[in-house]
Structure formats: C-alpha cells, structure tokens
file data.cif (mmCIF, C-alpha atoms and all ligand atoms)
data_my_file
#
loop_
_atom_site.label_atom_id
_atom_site.label_comp_id
_atom_site.auth_asym_id
_atom_site.auth_seq_id
_atom_site.Cartn_x
_atom_site.Cartn_y
_atom_site.Cartn_z
CA MET A 1 17.82 9.44 -15.01
CA ARG A 2 15.27 6.67 -15.37
CA VAL A 3 12.73 6.34 -18.18
CA LEU A 4 9.68 4.08 -18.58
CA VAL A 5 8.84 3.04 -22.13
CA VAL A 6 5.18 1.98 -22.52
CA GLU A 7 4.77 0.43 -25.95
CA ASP A 8 3.14 -2.80 -27.07
CA GLU A 9 4.96 -3.13 -30.41
CA ALA A 10 7.95 -5.23 -29.33
CA ALA A 11 10.34 -4.09 -32.07
CA LEU A 12 9.62 -0.43 -31.44
CA ALA A 13 9.92 -0.88 -27.67
CA GLN A 14 13.29 -2.57 -28.17
CA GLN A 15 14.48 0.22 -30.46
CA LEU A 16 13.53 2.89 -27.90
CA ASP A 17 15.06 0.86 -25.06
CA ASP A 18 18.36 0.46 -26.96
CA ALA A 19 18.59 4.14 -27.90
CA LEU A 20 17.75 5.40 -24.40
CA THR A 21 20.14 2.90 -22.76
CA ALA A 22 22.94 3.97 -25.13
CA ALA A 23 22.21 7.58 -24.17
CA GLY A 24 22.84 6.78 -20.48
CA TYR A 25 19.31 6.29 -19.11
CA ALA A 26 18.12 3.42 -16.94
CA VAL A 27 15.16 2.01 -18.89
CA ASP A 28 12.11 -0.05 -17.89
CA ARG A 29 9.54 -1.34 -20.34
CA ALA A 30 5.83 -2.09 -20.13
CA GLY A 31 4.04 -3.85 -22.99
CA ASP A 32 0.51 -3.19 -21.74
CA GLY A 33 -1.43 -0.67 -19.68
CA LEU A 34 -1.75 -2.81 -16.58
CA ARG A 35 2.00 -3.33 -16.29
CA ALA A 36 2.62 0.39 -16.91
CA ASP A 37 0.17 1.33 -14.15
CA PHE A 38 1.83 -1.10 -11.75
CA LEU A 39 5.32 0.25 -12.49
CA MET A 40 4.16 3.86 -12.07
CA GLN A 41 2.80 3.01 -8.63
CA THR A 42 5.86 1.13 -7.45
CA GLU A 43 8.87 2.74 -9.16
CA SER A 44 10.28 6.23 -9.70
CA TYR A 45 10.75 7.70 -13.18
CA ASP A 46 12.16 10.94 -14.57
CA ALA A 47 10.23 10.68 -17.85
CA LEU A 48 7.82 8.41 -19.73
CA VAL A 49 7.34 7.49 -23.34
CA LEU A 50 3.67 6.48 -23.59
CA ASP A 51 2.00 4.87 -26.59
CA LEU A 52 -1.74 5.56 -26.62
CA GLY A 53 -3.02 2.36 -28.24
CA LEU A 54 -2.25 -0.29 -25.61
CA PRO A 55 -3.70 -3.65 -24.52
CA LYS A 56 -5.63 -3.82 -21.20
CA ILE A 57 -5.67 -0.09 -20.36
CA ASP A 58 -5.21 2.55 -23.06
CA GLY A 59 -2.66 5.35 -22.78
CA LEU A 60 -5.13 8.22 -22.34
CA THR A 61 -6.88 6.46 -19.46
CA LEU A 62 -3.53 5.82 -17.79
CA LEU A 63 -2.40 9.40 -18.25
CA SER A 64 -5.52 10.93 -16.72
CA ARG A 65 -5.40 8.39 -13.87
CA TRP A 66 -1.76 9.31 -13.10
CA ARG A 67 -2.34 13.04 -13.33
CA GLN A 68 -5.34 12.76 -10.99
CA ALA A 69 -3.18 10.79 -8.57
CA GLY A 70 -0.68 13.66 -8.59
CA HIS A 71 2.14 12.14 -10.68
CA THR A 72 4.00 15.03 -12.31
CA THR A 73 6.52 12.91 -14.26
CA PRO A 74 6.95 14.39 -17.78
CA VAL A 75 5.16 12.29 -20.42
CA LEU A 76 5.90 12.11 -24.15
CA ILE A 77 2.98 10.44 -25.92
CA LEU A 78 3.25 8.48 -29.15
CA THR A 79 0.26 9.00 -31.43
CA ALA A 80 -0.90 7.43 -34.67
CA ARG A 81 0.18 9.40 -37.70
CA GLY A 82 -2.10 12.33 -38.50
CA SER A 83 -4.44 11.67 -35.59
CA TRP A 84 -4.90 15.28 -34.48
CA HIS A 85 -7.68 14.43 -32.03
CA GLU A 86 -5.34 12.00 -30.24
CA LYS A 87 -2.80 14.78 -29.88
CA VAL A 88 -5.39 17.20 -28.53
CA GLN A 89 -6.80 14.61 -26.11
CA GLY A 90 -3.30 13.66 -25.03
CA ILE A 91 -2.22 17.22 -24.33
CA ASP A 92 -5.50 18.01 -22.57
CA GLY A 93 -5.01 14.80 -20.59
CA GLY A 94 -1.68 15.99 -19.21
CA ALA A 95 0.95 14.98 -21.79
CA ASP A 96 3.94 17.30 -21.95
CA ASP A 97 4.82 16.54 -25.56
CA TYR A 98 3.84 14.18 -28.37
CA MET A 99 5.33 12.49 -31.41
CA ALA A 100 3.50 10.98 -34.35
CA LYS A 101 4.50 7.54 -35.61
CA PRO A 102 6.67 6.77 -37.48
CA PHE A 103 9.41 8.87 -35.90
CA GLN A 104 13.16 9.16 -35.77
CA VAL A 105 14.56 7.80 -32.50
CA GLU A 106 16.97 10.76 -32.38
CA GLU A 107 14.00 13.08 -32.11
CA VAL A 108 12.51 11.06 -29.24
CA LEU A 109 15.85 11.36 -27.42
CA ALA A 110 15.96 15.13 -28.00
CA ARG A 111 12.41 15.56 -26.70
CA ILE A 112 13.08 13.40 -23.62
CA ARG A 113 16.18 15.46 -22.85
CA ALA A 114 14.16 18.66 -23.15
CA LEU A 115 11.36 17.32 -20.90
CA ILE A 116 13.79 16.24 -18.19
CA ARG A 117 15.65 19.53 -18.44
CA ARG A 118 12.47 21.57 -18.10
CA ALA A 119 11.24 19.42 -15.18
CA GLY A 120 14.52 20.28 -13.44
CA GLY A 121 14.12 23.99 -14.20
CA LEU A 122 17.17 24.01 -16.45
CA ALA A 123 17.19 26.33 -19.46
CA SER A 124 20.36 25.41 -21.27
CA ARG A 125 21.40 22.16 -22.91
CA GLU A 126 24.53 21.67 -20.84
CA ILE A 127 24.38 21.39 -17.06
CA ARG A 128 27.15 22.96 -15.03
CA ALA A 129 28.42 22.49 -11.48
CA GLY A 130 31.53 24.61 -11.04
CA ALA A 131 34.14 23.34 -13.52
CA ILE A 132 32.08 20.21 -14.26
CA VAL A 133 29.96 20.31 -17.42
CA LEU A 134 27.57 17.52 -18.38
CA ASP A 135 26.10 17.32 -21.87
CA PRO A 136 23.12 14.91 -21.89
CA ARG A 137 23.08 14.98 -25.70
CA ASP A 138 26.10 12.71 -25.97
CA ALA A 139 26.44 11.63 -22.32
CA ARG A 140 29.71 13.55 -22.11
CA VAL A 141 31.31 15.05 -19.02
CA THR A 142 34.18 17.50 -18.89
CA LEU A 143 36.17 18.95 -15.99
CA GLY A 144 37.72 22.31 -16.77
CA GLY A 145 37.17 21.56 -20.46
CA ILE A 146 38.92 18.18 -20.30
CA PRO A 147 36.84 15.05 -21.04
CA VAL A 148 36.36 12.71 -18.06
CA LYS A 149 35.82 9.00 -18.69
CA LEU A 150 32.95 7.61 -16.61
CA THR A 151 31.34 4.19 -16.44
CA SER A 152 27.63 4.09 -17.28
CA HIS A 153 26.64 3.88 -13.60
CA GLU A 154 28.97 6.71 -12.61
CA PHE A 155 27.39 8.78 -15.37
CA LYS A 156 23.86 7.93 -14.15
CA VAL A 157 24.70 9.02 -10.59
CA LEU A 158 26.36 12.25 -11.72
CA SER A 159 23.58 13.05 -14.18
CA TYR A 160 20.88 12.63 -11.54
CA LEU A 161 22.72 14.75 -8.96
CA MET A 162 23.41 17.48 -11.52
CA HIS A 163 19.77 17.56 -12.68
CA GLN A 164 18.78 17.92 -8.98
CA ARG A 165 21.52 20.40 -8.18
CA ASP A 166 21.37 22.45 -5.00
CA ARG A 167 18.99 19.86 -3.54
CA VAL A 168 19.92 17.07 -1.11
CA VAL A 169 19.31 13.66 -2.69
CA SER A 170 19.02 10.64 -0.39
CA GLN A 171 20.81 7.40 -1.15
CA MET A 172 17.46 5.69 -1.62
CA GLU A 173 16.23 8.28 -4.13
CA LEU A 174 19.50 8.05 -6.03
CA THR A 175 19.23 4.25 -6.12
CA GLU A 176 15.68 4.47 -7.50
CA HIS A 177 16.72 6.74 -10.35
CA ILE A 178 19.86 5.00 -11.59
CA TYR A 179 18.76 1.38 -11.91
CA ALA A 180 16.22 -0.29 -14.16
CA GLN A 181 13.68 -2.44 -12.31
CA ASP A 182 15.21 -5.83 -13.05
CA PHE A 183 18.70 -4.73 -12.06
CA ASP A 184 20.25 -6.48 -9.08
CA ARG A 185 20.75 -3.57 -6.70
CA GLU A 186 23.16 -3.52 -3.83
CA SER A 187 22.59 -0.96 -1.15
CA ASN A 188 26.18 0.17 -0.76
CA THR A 189 26.98 0.67 -4.43
CA VAL A 190 25.83 4.28 -4.54
CA GLU A 191 28.56 5.09 -2.02
CA VAL A 192 31.09 3.34 -4.22
CA PHE A 193 30.01 5.32 -7.31
CA VAL A 194 30.15 8.60 -5.37
CA ALA A 195 33.67 7.77 -4.12
CA ARG A 196 34.83 7.03 -7.66
CA LEU A 197 33.24 10.24 -8.97
CA ARG A 198 35.07 12.23 -6.29
CA ARG A 199 38.36 10.68 -7.36
CA LYS A 200 37.70 11.65 -10.97
CA LEU A 201 36.09 15.06 -10.43
CA GLY A 202 37.62 16.32 -7.19
CA ALA A 203 36.82 15.55 -3.56
CA SER A 204 34.55 18.60 -3.17
CA ALA A 205 32.47 17.91 -6.31
CA ILE A 206 29.83 16.00 -4.34
CA GLU A 207 28.99 17.09 -0.81
CA THR A 208 27.83 14.56 1.79
CA VAL A 209 25.02 15.94 3.95
CA ARG A 210 25.27 13.78 7.02
CA GLY A 211 22.26 11.55 7.59
CA LEU A 212 20.44 12.97 4.56
CA GLY A 213 22.36 12.23 1.39
CA TYR A 214 24.36 13.99 -1.30
CA ARG A 215 24.29 17.40 -2.89
CA MET A 216 25.95 19.08 -5.82
CA GLY A 217 25.89 22.85 -5.98
CA ALA A 218 25.71 24.95 -9.13
CA SER A 219 29.00 26.52 -8.07
CA SER A 220 30.64 23.58 -6.26
CA CA A 301 0.22 0.47 -29.76
#
call {"tool": "encode", "arguments": {"input": "data.cif", "output": "structure tokens"}}
result
Amino acid sequence: MRVLVVEDEAALAQQLDDALTAAGYAVDRAGDGLRADFLMQTESYDALVLDLGLPKIDGLTLLSRWRQAGHTTPVLILTARGSWHEKVQGIDGGADDYMAKPFQVEEVLARIRALIRRAGGLASREIRAGAIVLDPRDARVTLGGIPVKLTSHEFKVLSYLMHQRDRVVSQMELTEHIYAQDFDRESNTVEVFVARLRRKLGASAIETVRGLGYRMGASS
C-alpha cells in the first residue's frame, strides 16, 4: 500500500512519513501543491494525507481538480483547528475523512487503515485469505495462527494482494504500489518477493495467472 503525504510543514511531514513507513506503507511526500499534483498524475496511490494550506496550489483546489479528473483515491484532509468551514468545504470537495491539527499520529494511521479498507470493500480489521491473516494495525501476518516473519517488502506485496483479493494484479501494478517514488526499482524483484512469500506461506497462497499477474483468493 502506497500513501502520498502532502504537507508543507517539514517536521510534521517527517513525522507522518516515519509513522506510515513504520506501519509498512511505501510513502511519498510533497511539500507544495504543484509537486502533489505532479505526483498524482504520474504515480499510483492507495491513500492521501492532504493538508489544505499549501504553497503554490491549495489543498481544496487540488482535491476538486483530482475528483473532476476521476481520481477516486481516498483522501484524508488535515484542517486548521476548529475551522468548521474548511471541514465542510473539504468533505463537499470530495475528501473521505478529515483531522484537525494538532492530532495524534496514531489516529491518522487508524483513519488511513479504515479508508484503505473501505476502498477495498473490506468490513473487518483483519484481512483473511484461507489460513493467512493480515492485521494492518501492527503489520502482522499469521498462518494458521502462527506468526510469520516477513521483510518490509514481502509485507508490502502481501498486503497489496490481500487488499485486492480475488482480483488479478499485474506485476506493473504491484510494483507501483509497493515502492516509494525515489526507490530504485528492479523489474524482476516482484517475482522474487512472490517466490519468498510462497516459501513462507505455502506454494498455493499466491496464484500466478499466466500473462496477467498474481491473484490471492479469499479462500486460497
Ligand atoms: Ca500547511
């Protein structure tokens, strides 16, 4: 799962980046509206944290521009404390949730998890695929109730496939959702991660759909 943090206060952006990275997300950052707009047009995100007061292009303008262009990525807006009209404008403008500053980072993480879960049509906190259970709250994976140790990239691949379960995910799509923008990507690494996941979770955990990509089933 990949998240874009749009925030011009450097310390706050860093804090969000650190917390989201520790929680197993690939994170990109934009410090102004122009950069955010560029990244939205060129990259693929599963959720956005969007500050409204931004240099160059403000958050509300960006949000309405993206919604008009058909971007459905869930957006959590950050508003100034007590600014009810910002909240109303933000929600009318297509935000899925909002938080007033100052906030607890833990609450941002909980809201991002909920937004991604809802976007994937998932009702419960844990995601299951057969005997595999993934808990995004603490980036934990179990197989038949036994904890499985995964590297951060293995976790990112598994998390994306489980959020998209029963759907075929191409290698390119998977690559776009597990790496931050500045990460040095190698085209064959997704295959390597999938092979390692199969060794840890069972050969049938991830199905290869020839020529199309990978799929995990709810009951696989
Ligand atoms: Ca700001």
call {"tool": "closest_atom_pairs", "arguments": {"input": "data.cif", "of": "stretch 24-117 of chain A", "to": "stretch 11-18 of chain A", "cutoff": "10 Å", "atoms": "all atoms listed in the file", "output": "Markdown table"}}
result
| residue | atom | partner | partner_atom | distance |
| --- | --- | --- | --- | --- |
| A:Tyr25 | CA | A:Asp17 | CA | 9.1 |
| A:Ala26 | CA | A:Asp17 | CA | 9.0 |
| A:Val27 | CA | A:Asp17 | CA | 6.3 |
| A:Asp28 | CA | A:Asp17 | CA | 7.8 |
| A:Arg29 | CA | A:Ala13 | CA | 7.4 |
| A:Ala30 | CA | A:Ala13 | CA | 8.7 |
| A:Gly31 | CA | A:Ala13 | CA | 8.1 |
| A:Val49 | CA | A:Leu16 | CA | 9.0 |
| A:Asp51 | CA | A:Ala13 | CA | 9.8 |
| A:Pro102 | CA | A:Leu12 | CA | 9.9 |
| A:Val105 | CA | A:Leu16 | CA | 6.8 |
| A:Glu106 | CA | A:Leu16 | CA | 9.7 |
| A:Val108 | CA | A:Leu16 | CA | 8.3 |
| A:Leu109 | CA | A:Leu16 | CA | 8.8 |
call {"tool": "closest_residue", "arguments": {"input": "data.cif", "among": "A:Gly24, A:Pro55, A:Gly82, A:Pro147", "to": "ligand CA 301 (chain A)", "atoms": "all atoms listed in the file"}}
result
A:Pro55
call {"tool": "atom_distance", "arguments": {"input": "data.cif", "atom1": "atom CA of A:Gln164", "atom2": "atom CA of A:Asp96"}}
result
19.7 Å
call {"tool": "atom_distance", "arguments": {"input": "data.cif", "atom1": "atom CA of A:Asp32", "atom2": "atom CA of A:Glu7"}}
result
7.0 Å
call {"tool": "residues_near_ligand", "arguments": {"input": "data.cif", "ligand": "ligand CA 301 (chain A)", "cutoff": "7 Å", "atoms": "only C-alpha atoms and all ligand atoms", "output": "list in words"}}
result
Glu7, Asp8, Glu9, Asp51, Leu52, Gly53 and Leu54 of chain A
call {"tool": "residues_around", "arguments": {"input": "data.cif", "residues": "A:Asp135", "least_positions_apart": "3", "cutoff": "12 Å", "atoms": "all atoms listed in the file", "output": "compact mmCIF listing (two decimals) with C-alpha atoms, in the coordinates of the input"}}
result
# COMPACT_ATOMS: atom_id res chain seq x y z
CA ALA A 23 22.21 7.58 -24.17
CA GLY A 24 22.84 6.78 -20.48
CA ARG A 113 16.18 15.46 -22.85
CA ARG A 117 15.65 19.53 -18.44
CA SER A 124 20.36 25.41 -21.27
CA ARG A 125 21.40 22.16 -22.91
CA GLU A 126 24.53 21.67 -20.84
CA ILE A 127 24.38 21.39 -17.06
CA ARG A 128 27.15 22.96 -15.03
CA ALA A 129 28.42 22.49 -11.48
CA ILE A 132 32.08 20.21 -14.26
CA ASP A 138 26.10 12.71 -25.97
CA ALA A 139 26.44 11.63 -22.32
CA ARG A 140 29.71 13.55 -22.11
CA VAL A 141 31.31 15.05 -19.02
CA THR A 142 34.18 17.50 -18.89
CA LEU A 143 36.17 18.95 -15.99
CA GLY A 145 37.17 21.56 -20.46
CA PRO A 147 36.84 15.05 -21.04
CA VAL A 148 36.36 12.71 -18.06
CA PHE A 155 27.39 8.78 -15.37
CA LEU A 158 26.36 12.25 -11.72
CA SER A 159 23.58 13.05 -14.18
CA MET A 162 23.41 17.48 -11.52
CA HIS A 163 19.77 17.56 -12.68
call {"tool": "atom_distance", "arguments": {"input": "data.cif", "atom1": "atom CA of A:Leu212", "atom2": "atom CA of A:Ser44"}}
result
18.8 Å
call {"tool": "residues_around", "arguments": {"input": "data.cif", "residues": "A:Val157", "least_positions_apart": "6", "cutoff": "8 Å", "atoms": "only C-alpha atoms", "output": "list in words"}}
result
Leu174, Ile178, Val190, Phe193 and Val194 of chain A
call {"tool": "residues_around", "arguments": {"input": "data.cif", "residues": "A:Arg65", "least_positions_apart": "6", "cutoff": "12 Å", "atoms": "only C-alpha atoms", "output": "list of chain:residue names"}}
result
A:Gly33, A:Ala36, A:Asp37, A:Met40, A:Gln41, A:Ile57, A:Asp58, A:Gly59, A:His71, A:Thr72, A:Gly93, A:Gly94
call {"tool": "closest_residue", "arguments": {"input": "data.cif", "among": "A:Asp166, A:Ala131, A:Lys156, A:Ile116", "to": "A:Ala180", "atoms": "only C-alpha atoms"}}
result
A:Lys156
call {"tool": "closest_residue", "arguments": {"input": "data.cif", "among": "A:Met1, A:Leu201, A:Ala95, A:Val6", "to": "A:Ile146", "atoms": "only C-alpha atoms"}}
result
A:Leu201
call {"tool": "closest_residue", "arguments": {"input": "data.cif", "among": "A:Leu50, A:Tyr160, A:Ile77, A:Tyr45", "to": "A:Ile206", "atoms": "only C-alpha atoms"}}
result
A:Tyr160
